[in-house]
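Asker: Would you mind keeping the following structure in view while I ask a few things?
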Amino acid sequence: MDAELLEKFGAIVGDDYRLTSDEDKAPFLHEWRDRYQGQAALVLRPKDTAQISQIMVLANETSTPIVPQGGNTGLVGGQIPFEEGCEVVLSLTRLNNVRSVDPVGHVMVLEAGVTLADAQEVAAKADRLFPLSLAAQGSCQIGGNLASNAGGVNVLAYGNMRELCLGLEVVLADGRIWNGLRALKKDNTGYDLRDLFIGSEGTLGIITAAVLKLYPRPSEQANAFIGLKNLKNIGELYALATQSAGGQLTAFEIMPRLGLEFVVRHAPNASDPLQSPHDWYVLLEISSLGGEGEATGLMTRLLEEGLEKDLVSDAALPSSLEQRAAIWGLRERMSEAQKPEGGSIKHDISVPIASIPDFITSANKAVTDLVPDCRPCPFGHWGDGNIHYNISQPVGMDKQEFLDQWEQVSNCVHGIVMSFNGSISAEHGIGRMKREMLQQVKDPVELDLMRSIKQTLDPKGVLNPGKLL
Ligand SMILES: Cc1cc2nc3c(=O)[nH]c(=O)nc-3n(C[C@H](O)[C@H](O)[C@H](O)COP(=O)(O)OP(=O)(O)OC[C@H]3O[C@@H](n4cnc5c(N)ncnc54)[C@H](O)[C@@H]3O)c2cc1C
């Protein structure tokens, strides 16, 4: 990029917020797993929607590629520029104002750079709940959550980010600002543009603010960490929990013994809550708005029935907030605990809930046939049919030798996913990682429509080129 253009972009945000030195740019150019490392001519940190609009006008006029970035916690490389160094990273971090909170209407309007943890805090201060919850919540931002249609651990009760959003403000590729900040539950006035931008991974527009839904805060939450013998028992326990707790079942997460061993081995202060080992674990949460003891009562009856039916082998029920945090910590640290175990080939898939046991059994057999002694570690959101099907390398194998087989292993896993009519990306999106795969698995008509939409909204291809499509 020539010096004159650099100067023009920089002038929009001011000297302190245009980053040009390698040292200043570095945190925006790689992601925490070290999988993606890029280069950028410039990192811009605008303060408001008006500055973003000016940046996009200039980018569109000069065909300068722009990579929107929120908290940089995305897992498919969508927020990282390519290696050529001609792109501009547009960081949303400074757009972090709370525009309004309406506890009566159960909505809040937040700017894109508010972190998810802060959004939860804003809701809590108004005695309301913002239910999106995921392990990266201290860093990921509302704009990034929307752009990736984030999921997390409470989706089975509240839905993912799409269901939690009523309206958006978006800067388009040509710099125009679409003000769609409507707080309406019903609005049948044509095509739903909001749903087009949600999940578009920065390829159709820059999300600058959103109207988000608020919910009543549960008065009580009961949790249990449950040991089980096999996947069939998990399926039956899930059916039982859904039947008895209905919409009050707010989390149903699974992890295998191997996953728990990884966390206990590598995460500080983590320990196995149960006395003896079990092949599988479920972290279950029931929430209630009603009288004190309702959630605990539901949980107790569920576990009693589970024990009677021989579905539950053992269970630990936290009796303090510290104990609750400790068992949730086991689940939240699953991702990072795989890193010290060497190479990990990761998948974020979904299949119909009833097919999860068959999917895991088939995939485990297929990947161990391909790479003998590899260690499948499937964990995640059973209640959403969403399994993070990760595979750790065989003990003692060279890390790179294992990772070199990523494509072959992934093709095999995704082939099984498609045979169950599933999805190759349940919640992390497509980004750079699954762009080629998308071409193979998506209906050609659907792909064609997606390309037409991109062409209409971003004819010069300046928004996050090379991602998603
Ligand atoms: C430990 C860990 C656990 C995780 N658990 C989950 C989980 O349970 N569920 C889940 O869904 N995800 C999970 N993730 C993935 C990640 O946290 C989510 O995808 C999150 O929504 C990304 O938000 P972000 O602000 O970090 O976005 P970024 O990583 O910065 O960007 C993600 C994508 O959105 C685009 N983008 C960012 N901001 C904007 C904007 N304002 N306008 C337009 N485009 C934008 C980027 O270009 C990129 O394509 C996890 C990640 C980690 C590290």
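We name chains A, B, ... following the order of the structure tokens; residues begin at 1 in each chain, and ligands are numbered from 1 as shown.
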Restrict the calculation to only C-alpha atoms and all ligand atoms, then for each residue of chain A with any atom at most 6 Å from an atom of ligand 1 give the closest atom pair and their distance in Å to one decimal, rows by chain and rising residue number, as CSV.

Answerer:
residue,atom,partner,partner_atom_place_in_ligand_line,distance
A:Val67,CA,ligand 1,47 (O),5.5
A:Pro68,CA,ligand 1,47 (O),4.2
A:Gln69,CA,ligand 1,30 (O),3.9
A:Gly70,CA,ligand 1,30 (O),3.4
A:Gly71,CA,ligand 1,26 (O),3.5
A:Asn72,CA,ligand 1,30 (O),3.5
A:Thr73,CA,ligand 1,26 (O),3.6
A:Gly74,CA,ligand 1,29 (O),3.2
A:Leu75,CA,ligand 1,15 (C),5.3
A:Gly78,CA,ligand 1,49 (O),3.6
A:Gln79,CA,ligand 1,48 (C),3.9
A:Leu92,CA,ligand 1,41 (N),5.9
A:Ala112,CA,ligand 1,41 (N),5.2
A:Leu134,CA,ligand 1,8 (O),4.4
A:Ala135,CA,ligand 1,3 (C),4.3
A:Ala136,CA,ligand 1,2 (C),4.5
A:Cys140,CA,ligand 1,25 (O),3.6
A:Gln141,CA,ligand 1,25 (O),3.7
A:Gly143,CA,ligand 1,41 (N),3.7
A:Gly144,CA,ligand 1,25 (O),3.5
A:Asn145,CA,ligand 1,21 (O),3.3
A:Ala147,CA,ligand 1,34 (O),4.5
A:Ser148,CA,ligand 1,34 (O),5.2
A:Ala150,CA,ligand 1,11 (O),3.4
A:Gly151,CA,ligand 1,11 (O),3.8
A:Gly152,CA,ligand 1,8 (O),3.4
A:Glu201,CA,ligand 1,49 (O),3.8
A:Gly202,CA,ligand 1,44 (N),3.3
A:Gly205,CA,ligand 1,43 (C),5.8
A:Ile206,CA,ligand 1,42 (N),3.8
A:Ile207,CA,ligand 1,42 (N),3.8
A:Thr208,CA,ligand 1,41 (N),5.5
A:Ser335,CA,ligand 1,1 (C),5.8
A:Glu427,CA,ligand 1,11 (O),4.4
A:His428,CA,ligand 1,19 (O),5.0
A:Gly431,CA,ligand 1,49 (O),5.8

Asker: I need the chosen residues saved as a JSON list (two decimals), in the first residue's frame, with C-alpha atoms.

Answerer:
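Result file is again33.json:
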[["chain", "number", "residue", "atom", "x", "y", "z"],
["A", 67, "VAL", "CA", -10.46, -7.62, 7.70],
["A", 68, "PRO", "CA", -12.89, -6.88, 10.56],
["A", 69, "GLN", "CA", -11.67, -8.11, 13.92],
["A", 70, "GLY", "CA", -13.41, -8.32, 17.29],
["A", 71, "GLY", "CA", -11.85, -10.15, 20.21],
["A", 72, "ASN", "CA", -9.68, -12.36, 17.94],
["A", 73, "THR", "CA", -10.96, -15.58, 19.51],
["A", 74, "GLY", "CA", -12.43, -17.03, 16.30],
["A", 75, "LEU", "CA", -11.36, -20.60, 15.62],
["A", 78, "GLY", "CA", -11.68, -15.44, 9.68],
["A", 79, "GLN", "CA", -10.32, -12.50, 11.69],
["A", 92, "LEU", "CA", -13.78, -2.97, 16.68],
["A", 112, "ALA", "CA", -19.92, -4.20, 18.63],
["A", 134, "LEU", "CA", -18.83, -19.47, 26.09],
["A", 135, "ALA", "CA", -15.31, -20.09, 27.33],
["A", 136, "ALA", "CA", -13.84, -17.12, 25.42],
["A", 140, "CYS", "CA", -14.80, -12.21, 22.41],
["A", 141, "GLN", "CA", -17.02, -9.28, 21.48],
["A", 143, "GLY", "CA", -19.81, -7.91, 16.99],
["A", 144, "GLY", "CA", -17.69, -11.05, 16.62],
["A", 145, "ASN", "CA", -20.39, -13.14, 18.32],
["A", 147, "ALA", "CA", -20.63, -12.16, 12.81],
["A", 148, "SER", "CA", -19.98, -15.80, 13.74],
["A", 150, "ALA", "CA", -21.87, -17.84, 18.25],
["A", 151, "GLY", "CA", -23.38, -20.68, 20.24],
["A", 152, "GLY", "CA", -21.96, -21.89, 23.55],
["A", 201, "GLU", "CA", -18.16, -13.54, 9.19],
["A", 202, "GLY", "CA", -17.34, -9.98, 8.16],
["A", 205, "GLY", "CA", -20.79, -5.65, 6.31],
["A", 206, "ILE", "CA", -19.26, -4.34, 9.53],
["A", 207, "ILE", "CA", -21.60, -4.80, 12.47],
["A", 208, "THR", "CA", -21.28, -1.72, 14.68],
["A", 335, "SER", "CA", -9.85, -26.65, 24.64],
["A", 427, "GLU", "CA", -20.88, -22.85, 15.61],
["A", 428, "HIS", "CA", -17.38, -21.67, 14.65],
["A", 431, "GLY", "CA", -13.44, -18.56, 7.81]]

Asker: So that I can check the surroundings of region 233-249 of chain A, please list as a VMD selection string every protein, DNA and RNA residue that reaches within 8 Å of it, counting only C-alpha atoms and ignoring chain neighbours fewer than 3 positions away.

Answerer: chain A and resid 156 to 157 228 to 230 252 282 284 to 288 298 302 306 311 to 312 354 357 383

Asker: Between A:Trp32, A:Phe225, A:Tyr17, A:Phe197, which has the minimum distance to Met450 (chain A) (counting only C-alpha atoms)?

Answerer: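 So, comparing all the options, the nearest one is A:Phe197.
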
Asker: For Ala124 (chain A), find every residue with an atom within 12 Å (counting only C-alpha atoms), except residues of its own chain fewer than 3 positions away, and show them as number ranges by chain.

Answerer: A: 101, 103, 106, 108, 117-121, 127-131, 214-218

Asker: Could you please take those selected residues and save N, CA and C atoms as a short mmCIF file (atom, residue, chain, number, x, y, z; two decimals), in the first residue's frame?

Answerer:
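Done, and the output landed in result_26.cif:
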data_model
loop_
_atom_site.label_atom_id
_atom_site.label_comp_id
_atom_site.auth_asym_id
_atom_site.auth_seq_id
_atom_site.Cartn_x
_atom_site.Cartn_y
_atom_site.Cartn_z
N VAL A 101 -30.15 0.44 27.99
CA VAL A 101 -30.62 -0.81 28.61
C VAL A 101 -32.07 -0.59 29.01
N PRO A 103 -34.79 -2.71 30.91
CA PRO A 103 -35.19 -3.95 31.58
C PRO A 103 -36.67 -4.26 31.42
N HIS A 106 -37.01 -5.61 28.02
CA HIS A 106 -36.09 -6.75 27.91
C HIS A 106 -35.18 -6.64 26.69
N MET A 108 -31.30 -4.55 25.28
CA MET A 108 -30.21 -3.58 25.47
C MET A 108 -29.56 -3.34 24.12
N ALA A 117 -18.41 -10.87 28.20
CA ALA A 117 -18.47 -10.84 29.67
C ALA A 117 -19.06 -9.51 30.15
N ASP A 118 -18.67 -8.41 29.51
CA ASP A 118 -19.23 -7.11 29.90
C ASP A 118 -20.71 -7.03 29.57
N ALA A 119 -21.11 -7.62 28.46
CA ALA A 119 -22.54 -7.62 28.09
C ALA A 119 -23.35 -8.36 29.15
N GLN A 120 -22.81 -9.49 29.61
CA GLN A 120 -23.51 -10.25 30.68
C GLN A 120 -23.62 -9.40 31.94
N GLU A 121 -22.54 -8.66 32.21
CA GLU A 121 -22.49 -7.81 33.40
C GLU A 121 -23.51 -6.66 33.31
N ASP A 127 -30.62 -6.46 36.55
CA ASP A 127 -31.34 -7.63 37.06
C ASP A 127 -31.95 -8.46 35.92
N ARG A 128 -31.19 -8.59 34.85
CA ARG A 128 -31.62 -9.40 33.72
C ARG A 128 -30.48 -10.34 33.32
N LEU A 129 -30.82 -11.28 32.44
CA LEU A 129 -29.82 -12.25 31.97
C LEU A 129 -29.58 -12.06 30.49
N PHE A 130 -28.31 -11.97 30.09
CA PHE A 130 -27.99 -12.14 28.67
C PHE A 130 -27.34 -13.52 28.57
N PRO A 131 -28.02 -14.47 27.95
CA PRO A 131 -27.67 -15.88 28.17
C PRO A 131 -26.53 -16.46 27.33
N LEU A 214 -32.96 -9.52 26.38
CA LEU A 214 -32.67 -9.84 27.78
C LEU A 214 -33.72 -10.81 28.30
N TYR A 215 -33.35 -11.58 29.30
CA TYR A 215 -34.25 -12.58 29.90
C TYR A 215 -34.28 -12.39 31.41
N PRO A 216 -35.33 -12.91 32.07
CA PRO A 216 -35.33 -12.88 33.53
C PRO A 216 -34.13 -13.69 34.06
N ARG A 217 -33.60 -13.22 35.18
CA ARG A 217 -32.46 -13.97 35.76
C ARG A 217 -32.98 -15.14 36.56
N PRO A 218 -32.44 -16.35 36.33
CA PRO A 218 -32.88 -17.48 37.14
C PRO A 218 -32.63 -17.19 38.62
#

Asker: Quick one: DSSP strand (DSSP E or B) residues in region 54-210 of chain A, as a ChimeraX atom specification?

Answerer: /A:66-69,88-91,98-102,107-111,115,128-129,133,141,152,165-171,177-180,206-210

Asker: Which residues are close to Glu436 (chain A), i.e. within 10 Å by only C-alpha atoms, leaving aside same-chain residues fewer than 4 positions away? Reply as a PyMOL selection string.

Answerer: chain A and resi 430+432+440-441+468-469

Asker: Please run DSSP on the backbone and report, as number ranges by chain, all residues within region 56-185 of chain A that come out as alpha helix (DSSP H).

Answerer: A: 56-62, 116-125, 142-147, 155-158

Asker: Name the residues in contact with Ile80 (chain A) at a cut-off of 7 Å, using only C-alpha atoms, excluding same-chain residues fewer than 5 positions from it; report them as a PDB file with C-alpha atoms, in the first residue's frame.

Answerer:
ATOM      1  CA  LEU A  29      -2.018 -10.763  13.241  1.00  0.00           C
ATOM      2  CA  HIS A  30      -2.066 -14.144  14.908  1.00  0.00           C
ATOM      3  CA  TYR A  36      -3.018 -18.601  11.604  1.00  0.00           C
ATOM      4  CA  GLN A  37      -0.395 -15.893  11.253  1.00  0.00           C
ATOM      5  CA  GLY A  38      -0.901 -13.026   8.809  1.00  0.00           C
TER       6      GLY A  38
END

Asker: If you take only C-alpha atoms and a cut-off of 10 Å, which residues of region 2-112 of chain A touch region 160-170 of chain A, and what are their nearest atom pairs and distances in Å to one decimal, in chain and number order, as CSV?

Answerer:
residue,atom,partner,partner_atom,distance
A:Thr49,CA,A:Val170,CA,8.5
A:Ile52,CA,A:Val170,CA,9.8
A:Ser53,CA,A:Val170,CA,9.4
A:Val107,CA,A:Leu166,CA,8.5
A:Met108,CA,A:Cys165,CA,9.8
A:Val109,CA,A:Gly167,CA,8.9
A:Leu110,CA,A:Leu168,CA,9.8
A:Glu111,CA,A:Glu169,CA,8.9
A:Ala112,CA,A:Glu169,CA,9.3

Asker: Those residues with C-alpha atoms, as a PDB file, in the first residue's frame please?

Answerer:
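Final output, part.pdb:
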ATOM      1  CA  THR A  49     -19.638   4.114  13.365  1.00  0.00           C
ATOM      2  CA  ILE A  52     -15.897   3.078  10.131  1.00  0.00           C
ATOM      3  CA  SER A  53     -18.119   4.498   7.429  1.00  0.00           C
ATOM      4  CA  VAL A 107     -33.584  -5.295  25.440  1.00  0.00           C
ATOM      5  CA  MET A 108     -30.213  -3.580  25.472  1.00  0.00           C
ATOM      6  CA  VAL A 109     -28.377  -1.785  22.697  1.00  0.00           C
ATOM      7  CA  LEU A 110     -24.641  -2.422  22.726  1.00  0.00           C
ATOM      8  CA  GLU A 111     -21.844  -1.473  20.398  1.00  0.00           C
ATOM      9  CA  ALA A 112     -19.919  -4.203  18.630  1.00  0.00           C
TER      10      ALA A 112
END

Asker: Can you pull out every residue within 10 Å of Gly291 (chain A), counting only C-alpha atoms, but drop anything in the same chain fewer than 4 positions away, and send it as a PDB file with N, CA and C atoms, in the first residue's frame?

Answerer:
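Saved result, around.pdb, follows:
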ATOM      1  N   SER A 219     -33.569 -17.593  39.458  1.00  0.00           N
ATOM      2  CA  SER A 219     -33.359 -17.381  40.886  1.00  0.00           C
ATOM      3  C   SER A 219     -32.508 -18.515  41.467  1.00  0.00           C
ATOM      4  N   GLU A 220     -32.459 -19.618  40.743  1.00  0.00           N
ATOM      5  CA  GLU A 220     -31.685 -20.757  41.256  1.00  0.00           C
ATOM      6  C   GLU A 220     -31.149 -21.566  40.081  1.00  0.00           C
ATOM      7  N   ALA A 295     -35.194 -25.856  41.266  1.00  0.00           N
ATOM      8  CA  ALA A 295     -34.186 -26.444  40.371  1.00  0.00           C
ATOM      9  C   ALA A 295     -33.506 -27.629  41.048  1.00  0.00           C
TER      10      ALA A 295
END

Asker: Could you list, as a list in words, every residue within 7 Å of Leu204 (chain A), counting only C-alpha atoms and ignoring same-chain residues fewer than 4 positions away?

Answerer: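 Listed by chain and then number, they are Phe197, Ser200, Lys454, Leu457, Asp458 and Leu463 of chain A.
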
Asker: Now that the selection is made, can you save its residues with N, CA and C atoms as a compact mmCIF listing (two decimals), in the first residue's frame?

Answerer:
# COMPACT_ATOMS: atom_id res chain seq x y z
N PHE A 197 -26.76 -10.61 7.82
CA PHE A 197 -25.46 -10.17 8.36
C PHE A 197 -24.99 -11.06 9.51
N SER A 200 -22.30 -13.83 8.90
CA SER A 200 -21.65 -13.60 7.60
C SER A 200 -20.13 -13.40 7.73
N LYS A 454 -23.20 -11.89 -1.96
CA LYS A 454 -21.89 -11.25 -1.75
C LYS A 454 -21.63 -10.22 -2.86
N LEU A 457 -23.82 -7.07 -2.28
CA LEU A 457 -23.48 -6.23 -1.13
C LEU A 457 -22.04 -5.74 -1.14
N ASP A 458 -21.18 -6.46 -1.83
CA ASP A 458 -19.76 -6.10 -1.82
C ASP A 458 -19.17 -6.36 -3.20
N LEU A 463 -14.61 -6.68 1.56
CA LEU A 463 -14.86 -7.14 2.92
C LEU A 463 -14.39 -8.58 3.13

Asker: Work out how far CA of Ala11 (chain A) is from CA of Pro459 (chain A), in Å to one decimal.

Answerer: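 CA of Pro459 (chain A) sits 25.7 Å away from CA of Ala11 (chain A).
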
Asker: Which of these, A:Gly85, A:Gly396, A:Gly199, A:Gly77, has the shortest distance to Val43 (chain A) once you count only C-alpha atoms?

Answerer: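 For Val43 (chain A), the nearest of the candidates is A:Gly85.
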
Asker: Nearest to Arg324 (chain A) among A:Thr361, A:Ser100, A:Thr115, A:Gln221, with distances taken over only C-alpha atoms: which residue is it?

Answerer: A:Gln221

Asker: Do you have the CA of Met397 (chain A)-CA of Val371 (chain A) distance handy?

Answerer: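 Those two atoms sit 10.5 Å apart.
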
Asker: Hey, can you check how far CA of Gly429 (chain A) sits from CA of Ser139 (chain A)?

Answerer: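 It comes out at 17.8 Å.
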
Asker: From the set A:Arg182, A:Lys213, A:Arg265, A:His414, which residue has the shortest atom-to-atom contact distance to Ile360 (chain A), counting only C-alpha atoms?

Answerer: A:His414
